[in-house]
Structure formats: C-alpha cells, structure tokens
Amino acid sequence: MAYTTATLVRKDDPLDDGRVWITVAFTGNAGEPTVRQRYLVGPNDTGQSIRQWAIAIAENLGSTKNIADNLTVGQSVNLTPIPPPANPVPTAREVWQGKVGRYRVFAALGPWSGAMATALTALKTDIEGTYQDGFI
C-alpha cells in the first residue's frame with residue numbers, strides 16, 4: 001500500500017443536526033502526493049467505522065497510484081472488445097438433473113408413440129445409467 005498515514009487535519013464546527021465534517025490527509029512513504037478527503041461524521045459512526053473508511057480510502061489511493069504509474073503517454077490502448085466471461089461448465093450432477101427435468105416434462109405430456117417414445121425411453125435409460133450417489 002503506497003499510502004501509509006492518515007492524519008486528521010481539520011474538524012469543522014458541528015452542523016445543525018450535530019454531524020461534523022472532518023478532513024483527513026493521506027500521505028505515503030514513497031513520495032506520493034498528499035491527498036485530502038472529507039468525511040461526514042454522523043451519530044452512527046464510531047472510531048472503528050472511521051478507521052475502516054480511512055483504510056479503504058488508503059487502499060483505493062494505492063490501487064489508483066499503481067494503475068497510474070503503469071500508464072505512459074503514447075501507450076496504445078487495446079480496443080478489441082473483451083469477451084464476456086464463459087459460463088461455468090456444468091457439473092455431472094447438474095447435467096444429470098437437467099436430463100431428469102427434461103424427462104419429467106416430456107413424460108407428463110405423453111403418452112408417446114413412435115420416435116418420441118423411443119427417444120424418451122433412451123433418455124430414461126441414460127438417466128439410470130449415469131446416476132451417481134449424491135445426485136438426488
């Protein structure tokens with residue numbers, strides 16, 4: 001983390017409802033510029049919640065600095081569209097349960113004859129042949 005210190009540098013007068021604006025200066029250990037952030041302290045805040053806020057701000061500042069440090073003027077930015085993430089491969093159990101679901105739907109629409117009856121029988125045989133403990 002580049003930003004290592006958070007110092008309260010200003011505390012405004014209370015607002016009409018009692019809340020108070022504070023200003024915190026974040027400084028680093030490697031020449032980072034000082035960054036000031038304001039925070040509105042309210043009735044539900046605690047020392048812990050303000051500390052958590054300061055830690056999150058310091059982490060965000062550090063992440064931003066890391067990204068910015070790796071950018072150079074003249075650098076080319078790849079404009080190739082980023083593909084969406086691939087769907088996870090279904091587990092054997094999910095595949096088996098899908099077959100059972102299809103069998104239930106088509107069996108309920110029957111009675112079937114001919115090719116449909118043959119396909120439904122083949123699906124039932126496949127379901128019975130691929131069952132493993134724990135699928136139900």
# chains A, B, ... in the order shown; residues from 1 in each chain; ligands from 1
$ residues_around --residues "A:Asp69" --least-positions-apart "6" --cutoff "12 Å" --atoms "only C-alpha atoms" --output "PDB file with N, CA and C atoms, in the first residue's frame"
ATOM      1  N   ALA A   2       0.693   2.099  -0.970  1.00  0.00           N
ATOM      2  CA  ALA A   2       1.525   3.283  -1.108  1.00  0.00           C
ATOM      3  C   ALA A   2       1.195   4.340  -0.050  1.00  0.00           C
ATOM      4  N   GLU A  32       4.511   9.952  -2.599  1.00  0.00           N
ATOM      5  CA  GLU A  32       3.164  10.158  -3.132  1.00  0.00           C
ATOM      6  C   GLU A  32       2.660  11.534  -2.720  1.00  0.00           C
ATOM      7  N   LEU A  61      -6.509   4.683  -2.938  1.00  0.00           N
ATOM      8  CA  LEU A  61      -5.474   5.600  -3.423  1.00  0.00           C
ATOM      9  C   LEU A  61      -4.255   4.816  -3.909  1.00  0.00           C
ATOM     10  N   GLY A  62      -3.879   3.784  -3.153  1.00  0.00           N
ATOM     11  CA  GLY A  62      -2.744   2.959  -3.553  1.00  0.00           C
ATOM     12  C   GLY A  62      -3.002   2.222  -4.855  1.00  0.00           C
ATOM     13  N   SER A  63      -4.195   1.669  -5.013  1.00  0.00           N
ATOM     14  CA  SER A  63      -4.542   0.961  -6.255  1.00  0.00           C
ATOM     15  C   SER A  63      -4.528   1.911  -7.442  1.00  0.00           C
TER      16      SER A  63
END
$ residues_around --residues "A:Ile22" --least-positions-apart "5" --cutoff "10 Å" --atoms "only C-alpha atoms" --output "PyMOL selection string"
chain A and resi 8-13+37-41
$ select_by_dssp --residues "chain A" --states "strand (DSSP E)" --output "PDB file with C-alpha atoms, in the first residue's frame"
ATOM      1  CA  TYR A   3      -0.458   5.472   1.287  1.00  0.00           C
ATOM      2  CA  THR A   4       0.552   4.631   4.834  1.00  0.00           C
ATOM      3  CA  THR A   5      -0.605   7.518   7.026  1.00  0.00           C
ATOM      4  CA  ALA A   6      -3.990   9.148   7.591  1.00  0.00           C
ATOM      5  CA  THR A   7      -3.963  12.329   9.670  1.00  0.00           C
ATOM      6  CA  LEU A   8      -6.948  14.378  10.830  1.00  0.00           C
ATOM      7  CA  VAL A   9      -6.112  17.884   9.594  1.00  0.00           C
ATOM      8  CA  ARG A  10      -9.423  19.693  10.038  1.00  0.00           C
ATOM      9  CA  LYS A  11     -12.620  19.402  12.050  1.00  0.00           C
ATOM     10  CA  VAL A  20     -19.321  17.141  11.813  1.00  0.00           C
ATOM     11  CA  TRP A  21     -17.203  17.301   8.675  1.00  0.00           C
ATOM     12  CA  ILE A  22     -13.616  16.192   9.143  1.00  0.00           C
ATOM     13  CA  THR A  23     -10.754  16.354   6.663  1.00  0.00           C
ATOM     14  CA  VAL A  24      -8.133  13.634   6.631  1.00  0.00           C
ATOM     15  CA  ALA A  25      -4.780  13.921   4.837  1.00  0.00           C
ATOM     16  CA  PHE A  26      -3.388  10.710   3.375  1.00  0.00           C
ATOM     17  CA  THR A  27       0.370  10.545   2.841  1.00  0.00           C
ATOM     18  CA  GLY A  28       2.658   7.816   1.636  1.00  0.00           C
ATOM     19  CA  VAL A  35      -4.464  13.597  -0.772  1.00  0.00           C
ATOM     20  CA  ARG A  36      -7.165  15.176   1.387  1.00  0.00           C
ATOM     21  CA  GLN A  37     -10.550  13.528   1.807  1.00  0.00           C
ATOM     22  CA  ARG A  38     -13.586  14.786   3.704  1.00  0.00           C
ATOM     23  CA  TYR A  39     -15.786  12.593   5.858  1.00  0.00           C
ATOM     24  CA  LEU A  40     -19.109  13.492   7.454  1.00  0.00           C
ATOM     25  CA  VAL A  41     -19.168  12.045  10.976  1.00  0.00           C
TER      26      VAL A  41
END
$ atom_distance --atom1 "atom CA of A:Gln97" --atom2 "atom CA of A:Ile136"
8.2 Å
$ residues_around --residues "stretch 100-117 of chain A" --least-positions-apart "3" --cutoff "12 Å" --atoms "only C-alpha atoms" --output "PyMOL selection string"
chain A and resi 93-97+120-128+130-131+135-136
